[in-house]
Amino acid sequence: MVKKLGGIVLAVAACLIFTPALSALSSGHRGAVTALFHDGEGNIFSAGEDGFLGLWDNDAAQDRIQISRGAILSVAVRPGTTQIAVVERGDSVRGDFGHYHVSAWDYRTKARLFTLHFPDAAPFINYSAAGGFLIVAPGGLNEGVMFIDPETGEVLELHEEISDSVTFAATNISERVMICYTTSGFFLFWDIENGEEIYYFEAPANIRSVALFGGNRFIGGFDDLGLLVLDAASGEILARDTSIRHGSIFLSDSEAAAGFARFYVLSTDEEVADEQQLDEFDDRLAELDEFGKLADGGADAVYHLEINPERGLTILSQLSVPYEAGTARAAIAGNDGSIVLGTAAGILWHVHESGAWAMSAERSRHILYTAVSAQAVAFLCEDGALGFISLDFSLLDDGELVTLQDAGEYTRIAADSAAEEAADAAFLLWHLGAGALPPVLKTLSGNPADGETEADVPLHLPARFPLRAASVSGGSVLFLSTTGALSVFDRKSGAVRFSHSVPAAMDAAFIDEDTVIFARSAAAGSTPFLMINISTGETVPLAFPAAIGTQVYHTSSGGTSHTSSGAVYGIVVNSHAGGDLQTSIIRLDTSAPWQSETLAHYIGDDPYVSMAESGGNFAFTLGDTGASGAVVFHRGKTPDELQPSEEIAAFERGRGLPVHIADGGRWFVVLDGDGAINWHDNQTGSLQAIFRLTPERWVLERNGEVIGGEIFYER
């Protein structure tokens, strides 16, 4: 029986393939490892708080792909397939923190199957024993259990008869009986076919990390007293170990006919400060011996235990987690008798009786922001370094030196894309937060990779409020503060051309050097868009049926001018019929706003969509769904839903989800969540080249080859 899901928003998306055509460097996770699993072929997969899924062999990282903009909290593997389901936490930067998603993927084809949205608590997920359906318990104060089609995300059944919060559920191999654990301390057995309770027994309340193992004979977990093991048929507590206070049961192995079972426990010291360990991580790596191995133990440990109903728990062996590894967050058995740990520092470790060693991973230098002019791509790195490379990736030569300069505390960069000559290419550095740091204009001279710029032109803002938006168009520079204050400067002299206040303004962009368009809240009878002529001061409200305009994009202020159509695009948010927010992407008709064209819409509020037009096609990021990340709409088409059709071509995926899209003349230039710059053909969306940085080198992948060179950091 299928029932309505009440306040839960369910969004099912198309299957979008993103197998990269180019090879890629590999690295560890940026943040804690939250889950580990085997693929049955000797490989290990990891998931992390950075939203990436990593592939490892016994010794090193092999590949990785970003499947979420937020953190991956847990993973379930569908038996007998290459499919997984993951629980994701929303991205706080994108205003989605506190919301959770369940998405399903085929990790071999790297295809997303569907995404489910949940409004508050992290849900519990598990596949049925034979993989016939996905079990989802909403979590928190929500009650009931859902059975989900593992291919489509369709709700097959909703069992609301379970009147408590469920934190564990599993089935027998025939998938006829389901066992559930509720936070109040009850284990419930259900007849799946009839939807009726068979029996139940009472157990301790609030058992954490519940695991069913030993041929479904035993239940293990942790309560306030520590590790405990129960008889899965009666609920009798068979054994306790109060010295193992916190942790998780991560593997069950060989079982004997006598009715005992062996299993592993990762015991963690929850009082260890993760932040301190992360700060000290680089220092610890420097202390590795010549074999990269360590033997000294830390606070965490891995126990191999045996449960026998007659003799209780027996510790068969114990391995200490090296102090240098940091706090362990996940573990599985390796292929050589070792244990593989995922740590808070994002690195995988082998732990063995003979010692421990970190698995090899290439470290990267993250690019955080990019700006594209007609001739060059500028980029800001996470460590405050600023660099430039040619927009045409074919002009980069193997062995060429790329120069980086210190950008100080600047956190954002914008480009004057109206300049067609490299000598006129101005890049604006600005700071997102409040403070006395004045924005500054830099103009390139010579080969972009040389990083040579003319004397900086500082622009002194009249007030020190945090900035919300900034852009350059020809001879003018625009700033919009969080208070709605607009300031337009003359690029050459640095003098203020125009000042104005637009209450509740969310974004602003040039239409031309004399006209600025705003996106704003439509409260109190205002319109979601507004145009101002900065030469005359004339204001023109643009009426469109929306509660708020969150973003505007004009092709001459975000793309190369010689390919611009002159179109204006906007993002609006409205209340959906079911009470949920809906984001819509529109092509705005500034002369007749009511005739504006809605290009696409999706459930949810995403105020950080990135948009670009190039070569007659329009692309934008797809919110938080973890799908292809960007789609190309052929002009004149208006699809009602984000489904595959002849009007929509999916971008070929790089390793990370797109963060920022820009018009690169012949390409869409995309900065992704892996900190790399990607060039995509603006007609097909195919991936043409990838540029990334390591701490000491730059690497470019193009046309099946990999080239690179050294970095010179000019301080």
# chains A, B, ... in the order shown; residues from 1 in each chain; ligands from 1
>>> residues_around(residues="Lys442 in chain A", least_positions_apart="4", cutoff="7 Å", atoms="only C-alpha atoms", output="list in words")
Ala426, Phe427, Leu428, Thr453, Glu454, Asp456 and Val457 of chain A
>>> residues_around(residues="Ala485 in chain A", least_positions_apart="2", cutoff="10 Å", atoms="only C-alpha atoms", output="compact mmCIF listing (two decimals) with N, CA, C and O atoms, in the first residue's frame")
# COMPACT_ATOMS: atom_id res chain seq x y z
N PRO A 462 32.64 53.64 -0.03
CA PRO A 462 32.25 54.65 0.96
C PRO A 462 31.86 54.05 2.31
O PRO A 462 31.89 54.73 3.32
N ALA A 463 31.44 52.77 2.36
CA ALA A 463 31.05 52.13 3.63
C ALA A 463 31.73 50.77 3.70
O ALA A 463 32.15 50.22 2.69
N PHE A 465 30.47 47.75 4.71
CA PHE A 465 29.56 46.64 4.90
C PHE A 465 30.00 45.46 4.02
O PHE A 465 30.64 45.65 2.98
N LEU A 467 30.20 42.75 1.19
CA LEU A 467 29.73 42.81 -0.19
C LEU A 467 28.95 41.56 -0.55
O LEU A 467 29.23 40.47 -0.08
N ARG A 468 27.98 41.75 -1.44
CA ARG A 468 27.19 40.63 -1.93
C ARG A 468 27.52 40.31 -3.38
O ARG A 468 27.44 39.16 -3.80
N PHE A 479 29.63 47.44 -7.27
CA PHE A 479 29.63 46.74 -5.99
C PHE A 479 28.23 46.83 -5.39
O PHE A 479 27.61 47.90 -5.41
N LEU A 480 27.76 45.70 -4.83
CA LEU A 480 26.50 45.68 -4.11
C LEU A 480 26.77 45.12 -2.72
O LEU A 480 27.30 44.01 -2.58
N SER A 481 26.40 45.87 -1.67
CA SER A 481 26.63 45.42 -0.30
C SER A 481 25.41 44.66 0.20
O SER A 481 24.34 44.66 -0.41
N THR A 482 25.57 44.01 1.35
CA THR A 482 24.47 43.26 1.95
C THR A 482 23.34 44.17 2.43
O THR A 482 22.24 43.69 2.68
N THR A 483 23.61 45.45 2.56
CA THR A 483 22.56 46.41 2.94
C THR A 483 21.79 46.93 1.74
O THR A 483 20.86 47.72 1.90
N SER A 487 27.33 50.84 -5.44
CA SER A 487 28.38 51.81 -5.74
C SER A 487 28.98 51.44 -7.09
O SER A 487 29.38 50.30 -7.31
N SER A 499 25.80 56.19 -6.86
CA SER A 499 25.47 55.49 -5.62
C SER A 499 23.96 55.44 -5.49
O SER A 499 23.27 56.41 -5.85
N HIS A 500 23.47 54.35 -4.95
CA HIS A 500 22.02 54.20 -4.80
C HIS A 500 21.77 53.09 -3.77
O HIS A 500 22.62 52.25 -3.53
N SER A 501 20.59 53.12 -3.16
CA SER A 501 20.20 52.09 -2.21
C SER A 501 19.02 51.31 -2.75
O SER A 501 18.00 51.90 -3.14
N VAL A 502 19.16 49.98 -2.79
CA VAL A 502 18.08 49.10 -3.25
C VAL A 502 17.79 48.12 -2.12
O VAL A 502 18.49 47.11 -1.97
N PRO A 503 16.81 48.39 -1.27
CA PRO A 503 16.52 47.51 -0.14
C PRO A 503 16.23 46.08 -0.59
O PRO A 503 15.59 45.84 -1.63
N ALA A 504 16.74 45.10 0.20
CA ALA A 504 16.50 43.67 -0.03
C ALA A 504 17.08 43.18 -1.35
O ALA A 504 16.62 42.16 -1.89
N ALA A 505 18.07 43.88 -1.89
CA ALA A 505 18.70 43.43 -3.14
C ALA A 505 19.56 42.19 -2.87
O ALA A 505 20.34 42.15 -1.90
>>> residues_around(residues="Gly247 in chain A", least_positions_apart="2", cutoff="6 Å", atoms="only C-alpha atoms", output="PyMOL selection string")
chain A and resi 266-268
>>> write_last_selection(atoms="all heavy atoms", output="CSV table (one decimal), in the first residue's frame")
chain,number,residue,atom,x,y,z
A,266,LEU,N,35.2,-1.4,15.8
A,266,LEU,CA,36.1,-0.3,15.9
A,266,LEU,C,35.7,0.5,17.1
A,266,LEU,O,34.6,1.0,17.2
A,266,LEU,CB,35.9,0.6,14.6
A,266,LEU,CG,36.6,2.0,14.7
A,266,LEU,CD1,38.1,1.9,14.8
A,266,LEU,CD2,36.2,2.8,13.4
A,267,SER,N,36.6,0.6,18.1
A,267,SER,CA,36.4,1.3,19.3
A,267,SER,C,37.0,2.7,19.2
A,267,SER,O,38.2,2.8,19.0
A,267,SER,CB,37.0,0.5,20.5
A,267,SER,OG,36.8,1.3,21.7
A,268,THR,N,36.2,3.7,19.5
A,268,THR,CA,36.7,5.1,19.3
A,268,THR,C,36.6,5.8,20.6
A,268,THR,O,35.6,5.6,21.4
A,268,THR,CB,35.9,5.8,18.3
A,268,THR,OG1,34.5,5.8,18.6
A,268,THR,CG2,36.0,5.2,16.9
>>> select_by_dssp(residues="range 400-540 of chain A", states="strand (DSSP E)", output="ChimeraX atom specification")
/A:402-406,412-415,426-430,440-443,457-458,467-473,476-481,485-490,496-501,505-512,515-520,529-533,539-540
>>> closest_residue(among="A:Ser390, A:Ser535, A:Ser373, A:Thr411", to="Gly665 in chain A", atoms="only C-alpha atoms")
A:Ser373
>>> residues_around(residues="Arg697 in chain A", least_positions_apart="4", cutoff="12 Å", atoms="only C-alpha atoms", output="JSON, numbers by chain")
{"A": [362, 363, 364, 365, 398, 399, 400, 401, 402, 403, 404, 691, 692, 693, 707, 708, 709, 710, 711, 712, 713]}
>>> residues_around(residues="Gly334 in chain A", least_positions_apart="2", cutoff="12 Å", atoms="only C-alpha atoms", output="PyMOL selection string")
chain A and resi 36-40+42-45+56-59+251+331-332+336-341+348-352
>>> write_last_selection(atoms="N, CA, C and O atoms", output="compact mmCIF listing (two decimals), in the first residue's frame")
# COMPACT_ATOMS: atom_id res chain seq x y z
N LEU A 36 33.25 3.09 4.54
CA LEU A 36 34.12 2.27 3.70
C LEU A 36 33.35 1.03 3.27
O LEU A 36 32.55 0.48 4.04
N PHE A 37 33.58 0.55 2.04
CA PHE A 37 32.97 -0.71 1.61
C PHE A 37 33.81 -1.32 0.49
O PHE A 37 34.57 -0.64 -0.18
N HIS A 38 33.67 -2.65 0.32
CA HIS A 38 34.35 -3.39 -0.74
C HIS A 38 33.46 -3.47 -1.98
O HIS A 38 32.24 -3.43 -1.89
N ASP A 39 34.10 -3.65 -3.14
CA ASP A 39 33.33 -3.85 -4.37
C ASP A 39 33.33 -5.30 -4.83
O ASP A 39 32.79 -5.61 -5.89
N GLY A 40 33.95 -6.19 -4.06
CA GLY A 40 33.97 -7.60 -4.44
C GLY A 40 35.07 -7.95 -5.41
O GLY A 40 35.23 -9.12 -5.78
N GLY A 42 38.35 -6.70 -4.93
CA GLY A 42 39.61 -6.33 -4.30
C GLY A 42 39.81 -4.85 -4.11
O GLY A 42 40.83 -4.43 -3.57
N ASN A 43 38.85 -4.04 -4.54
CA ASN A 43 38.95 -2.60 -4.39
C ASN A 43 38.18 -2.12 -3.16
O ASN A 43 37.24 -2.78 -2.71
N ILE A 44 38.59 -0.99 -2.66
CA ILE A 44 37.94 -0.38 -1.51
C ILE A 44 37.37 0.96 -1.93
O ILE A 44 38.02 1.74 -2.63
N PHE A 45 36.14 1.22 -1.51
CA PHE A 45 35.52 2.52 -1.75
C PHE A 45 35.38 3.25 -0.43
O PHE A 45 35.10 2.65 0.61
N TRP A 56 40.02 2.97 -4.11
CA TRP A 56 41.37 2.67 -3.66
C TRP A 56 41.69 1.21 -3.97
O TRP A 56 40.80 0.35 -3.96
N ASP A 57 42.97 0.93 -4.25
CA ASP A 57 43.41 -0.46 -4.21
C ASP A 57 44.05 -0.69 -2.85
O ASP A 57 43.85 0.09 -1.92
N ASN A 58 44.84 -1.71 -2.69
CA ASN A 58 45.43 -2.00 -1.39
C ASN A 58 46.43 -0.95 -0.94
O ASN A 58 46.75 -0.87 0.25
N ASP A 59 46.97 -0.17 -1.87
CA ASP A 59 48.07 0.72 -1.54
C ASP A 59 47.79 2.20 -1.77
O ASP A 59 48.40 3.05 -1.12
N LEU A 251 32.17 -5.45 10.68
CA LEU A 251 32.29 -6.62 9.82
C LEU A 251 31.97 -7.87 10.60
O LEU A 251 32.37 -8.00 11.75
N ALA A 331 35.84 1.64 9.32
CA ALA A 331 36.80 0.56 9.17
C ALA A 331 36.18 -0.61 8.42
O ALA A 331 34.97 -0.84 8.48
N ILE A 332 37.03 -1.35 7.70
CA ILE A 332 36.66 -2.62 7.08
C ILE A 332 37.89 -3.52 7.10
O ILE A 332 39.00 -3.06 7.36
N ASP A 336 44.50 -8.52 3.01
CA ASP A 336 45.73 -9.21 3.38
C ASP A 336 45.81 -9.46 4.89
O ASP A 336 46.90 -9.57 5.44
N GLY A 337 44.66 -9.56 5.53
CA GLY A 337 44.65 -9.77 6.96
C GLY A 337 44.76 -8.49 7.76
O GLY A 337 44.74 -8.52 8.99
N SER A 338 44.86 -7.37 7.09
CA SER A 338 44.94 -6.09 7.78
C SER A 338 43.55 -5.50 7.96
O SER A 338 42.55 -6.03 7.47
N ILE A 339 43.51 -4.38 8.67
CA ILE A 339 42.29 -3.59 8.80
C ILE A 339 42.53 -2.26 8.09
O ILE A 339 43.60 -1.67 8.22
N VAL A 340 41.54 -1.80 7.34
CA VAL A 340 41.63 -0.50 6.67
C VAL A 340 40.76 0.48 7.44
O VAL A 340 39.58 0.22 7.68
N LEU A 341 41.37 1.59 7.82
CA LEU A 341 40.67 2.62 8.58
C LEU A 341 40.49 3.88 7.75
O LEU A 341 41.38 4.28 7.01
N LEU A 348 43.18 7.12 4.35
CA LEU A 348 42.97 5.71 4.66
C LEU A 348 44.28 5.11 5.17
O LEU A 348 45.35 5.42 4.66
N TRP A 349 44.17 4.25 6.19
CA TRP A 349 45.33 3.61 6.81
C TRP A 349 45.14 2.10 6.83
O TRP A 349 44.04 1.60 7.08
N HIS A 350 46.24 1.38 6.59
CA HIS A 350 46.30 -0.06 6.86
C HIS A 350 46.81 -0.25 8.28
O HIS A 350 47.83 0.34 8.67
N VAL A 351 46.14 -1.05 9.07
CA VAL A 351 46.60 -1.39 10.41
C VAL A 351 46.77 -2.90 10.46
O VAL A 351 45.84 -3.66 10.15
N HIS A 352 47.96 -3.35 10.83
CA HIS A 352 48.30 -4.77 10.84
C HIS A 352 49.10 -5.06 12.09
O HIS A 352 49.63 -4.15 12.74
>>> residues_around(residues="Pro448 in chain A", least_positions_apart="4", cutoff="8 Å", atoms="only C-alpha atoms", output="number ranges by chain")
A: 376, 388-390, 444, 452
>>> select_by_dssp(residues="range 118-324 of chain A", states="alpha helix (DSSP H)", output="MDAnalysis selection string")
chainID A and resid 274:285
>>> closest_atom_pairs(of="range 40-114 of chain A", to="range 135-159 of chain A", cutoff="9 Å", atoms="only C-alpha atoms", output="JSON lines")
{"residue": "A:Arg78", "atom": "CA", "partner": "A:Pro150", "partner_atom": "CA", "distance": 8.4}
{"residue": "A:Gln83", "atom": "CA", "partner": "A:Pro150", "partner_atom": "CA", "distance": 8.7}
{"residue": "A:Ala85", "atom": "CA", "partner": "A:Pro150", "partner_atom": "CA", "distance": 8.7}
{"residue": "A:Val102", "atom": "CA", "partner": "A:Val136", "partner_atom": "CA", "distance": 8.6}
{"residue": "A:Ser103", "atom": "CA", "partner": "A:Gly153", "partner_atom": "CA", "distance": 8.7}
{"residue": "A:Ala104", "atom": "CA", "partner": "A:Pro150", "partner_atom": "CA", "distance": 7.5}
{"residue": "A:Leu113", "atom": "CA", "partner": "A:Glu151", "partner_atom": "CA", "distance": 6.2}
{"residue": "A:Phe114", "atom": "CA", "partner": "A:Gly153", "partner_atom": "CA", "distance": 5.6}
>>> residues_around(residues="Gly664 in chain A", least_positions_apart="2", cutoff="8 Å", atoms="only C-alpha atoms", output="ChimeraX atom specification")
/A:372-374,391,559-560,614,662,666-669
>>> write_last_selection(atoms="C-alpha atoms", output="PDB file, in the first residue's frame")
ATOM      1  CA  VAL A 372      37.232  34.356 -17.352  1.00  0.00           C
ATOM      2  CA  SER A 373      38.149  37.172 -19.732  1.00  0.00           C
ATOM      3  CA  ALA A 374      38.313  36.985 -23.517  1.00  0.00           C
ATOM      4  CA  LEU A 391      41.817  30.715 -21.941  1.00  0.00           C
ATOM      5  CA  GLY A 559      30.749  35.832 -21.022  1.00  0.00           C
ATOM      6  CA  THR A 560      32.926  36.860 -23.927  1.00  0.00           C
ATOM      7  CA  SER A 614      28.147  30.279 -24.713  1.00  0.00           C
ATOM      8  CA  ALA A 662      31.593  30.911 -17.325  1.00  0.00           C
ATOM      9  CA  ARG A 666      34.414  28.294 -27.666  1.00  0.00           C
ATOM     10  CA  TRP A 667      33.849  26.527 -24.349  1.00  0.00           C
ATOM     11  CA  PHE A 668      31.986  26.568 -21.106  1.00  0.00           C
ATOM     12  CA  VAL A 669      34.702  26.984 -18.456  1.00  0.00           C
TER      13      VAL A 669
END
>>> atom_distance(atom1="CA of Ile244 in chain A", atom2="CA of Ile315 in chain A")
11.2 Å
>>> atom_distance(atom1="CA of Ser128 in chain A", atom2="CA of Ala211 in chain A")
14.0 Å
>>> atom_distance(atom1="CA of Phe186 in chain A", atom2="CA of Ala121 in chain A")
20.3 Å
>>> closest_atom_pairs(of="range 415-521 of chain A", to="range 527-530 of chain A", cutoff="12 Å", atoms="only C-alpha atoms", output="CSV")
residue,atom,partner,partner_atom,distance
A:Ser501,CA,A:Leu530,CA,11.9
A:Val502,CA,A:Leu530,CA,8.9
A:Pro503,CA,A:Leu530,CA,11.1
A:Ala504,CA,A:Pro528,CA,9.8
A:Ala505,CA,A:Pro528,CA,9.0
A:Met506,CA,A:Pro528,CA,9.7
A:Asp507,CA,A:Phe529,CA,9.6
A:Ala508,CA,A:Leu530,CA,9.3
A:Ala509,CA,A:Leu530,CA,10.8
A:Phe510,CA,A:Leu530,CA,11.9
A:Ile511,CA,A:Leu530,CA,11.7
A:Thr515,CA,A:Leu530,CA,10.5
A:Val516,CA,A:Leu530,CA,8.3
A:Ile517,CA,A:Leu530,CA,5.6
A:Phe518,CA,A:Leu530,CA,5.1
A:Ala519,CA,A:Phe529,CA,4.7
A:Arg520,CA,A:Pro528,CA,5.0
A:Ser521,CA,A:Pro528,CA,5.6
>>> write_last_selection(atoms="N, CA and C atoms", output="PDB file, in the first residue's frame")
ATOM      1  N   SER A 501      20.590  53.120  -3.164  1.00  0.00           N
ATOM      2  CA  SER A 501      20.202  52.086  -2.207  1.00  0.00           C
ATOM      3  C   SER A 501      19.016  51.309  -2.751  1.00  0.00           C
ATOM      4  N   VAL A 502      19.157  49.982  -2.791  1.00  0.00           N
ATOM      5  CA  VAL A 502      18.084  49.101  -3.252  1.00  0.00           C
ATOM      6  C   VAL A 502      17.792  48.116  -2.122  1.00  0.00           C
ATOM      7  N   PRO A 503      16.815  48.389  -1.271  1.00  0.00           N
ATOM      8  CA  PRO A 503      16.519  47.506  -0.140  1.00  0.00           C
ATOM      9  C   PRO A 503      16.228  46.076  -0.587  1.00  0.00           C
ATOM     10  N   ALA A 504      16.735  45.105   0.199  1.00  0.00           N
ATOM     11  CA  ALA A 504      16.498  43.672  -0.031  1.00  0.00           C
ATOM     12  C   ALA A 504      17.075  43.178  -1.349  1.00  0.00           C
ATOM     13  N   ALA A 505      18.075  43.882  -1.889  1.00  0.00           N
ATOM     14  CA  ALA A 505      18.703  43.428  -3.136  1.00  0.00           C
ATOM     15  C   ALA A 505      19.563  42.193  -2.869  1.00  0.00           C
ATOM     16  N   MET A 506      19.457  41.186  -3.724  1.00  0.00           N
ATOM     17  CA  MET A 506      20.210  39.939  -3.586  1.00  0.00           C
ATOM     18  C   MET A 506      21.388  39.855  -4.545  1.00  0.00           C
ATOM     19  N   ASP A 507      21.264  40.503  -5.707  1.00  0.00           N
ATOM     20  CA  ASP A 507      22.305  40.404  -6.728  1.00  0.00           C
ATOM     21  C   ASP A 507      22.165  41.590  -7.673  1.00  0.00           C
ATOM     22  N   ALA A 508      23.253  41.894  -8.387  1.00  0.00           N
ATOM     23  CA  ALA A 508      23.237  42.980  -9.369  1.00  0.00           C
ATOM     24  C   ALA A 508      24.236  42.669 -10.464  1.00  0.00           C
ATOM     25  N   ALA A 509      23.959  43.149 -11.685  1.00  0.00           N
ATOM     26  CA  ALA A 509      24.859  42.942 -12.817  1.00  0.00           C
ATOM     27  C   ALA A 509      24.666  44.068 -13.819  1.00  0.00           C
ATOM     28  N   PHE A 510      25.704  44.342 -14.591  1.00  0.00           N
ATOM     29  CA  PHE A 510      25.603  45.318 -15.675  1.00  0.00           C
ATOM     30  C   PHE A 510      24.826  44.718 -16.846  1.00  0.00           C
ATOM     31  N   ILE A 511      23.949  45.518 -17.430  1.00  0.00           N
ATOM     32  CA  ILE A 511      23.414  45.206 -18.759  1.00  0.00           C
ATOM     33  C   ILE A 511      24.274  45.902 -19.808  1.00  0.00           C
ATOM     34  N   THR A 515      23.638  50.795 -17.437  1.00  0.00           N
ATOM     35  CA  THR A 515      22.417  50.170 -16.925  1.00  0.00           C
ATOM     36  C   THR A 515      22.764  48.984 -16.031  1.00  0.00           C
ATOM     37  N   VAL A 516      22.147  48.982 -14.844  1.00  0.00           N
ATOM     38  CA  VAL A 516      22.349  47.903 -13.873  1.00  0.00           C
ATOM     39  C   VAL A 516      21.010  47.241 -13.604  1.00  0.00           C
ATOM     40  N   ILE A 517      21.009  45.905 -13.512  1.00  0.00           N
ATOM     41  CA  ILE A 517      19.800  45.167 -13.175  1.00  0.00           C
ATOM     42  C   ILE A 517      19.997  44.488 -11.825  1.00  0.00           C
ATOM     43  N   PHE A 518      18.921  44.496 -11.000  1.00  0.00           N
ATOM     44  CA  PHE A 518      18.962  43.926  -9.661  1.00  0.00           C
ATOM     45  C   PHE A 518      17.988  42.762  -9.552  1.00  0.00           C
ATOM     46  N   ALA A 519      18.360  41.769  -8.729  1.00  0.00           N
ATOM     47  CA  ALA A 519      17.412  40.764  -8.245  1.00  0.00           C
ATOM     48  C   ALA A 519      17.178  41.069  -6.774  1.00  0.00           C
ATOM     49  N   ARG A 520      15.903  40.996  -6.333  1.00  0.00           N
ATOM     50  CA  ARG A 520      15.592  41.419  -4.970  1.00  0.00           C
ATOM     51  C   ARG A 520      14.330  40.724  -4.470  1.00  0.00           C
ATOM     52  N   SER A 521      14.086  40.905  -3.181  1.00  0.00           N
ATOM     53  CA  SER A 521      12.855  40.396  -2.594  1.00  0.00           C
ATOM     54  C   SER A 521      11.675  41.211  -3.111  1.00  0.00           C
TER      55      SER A 521
END
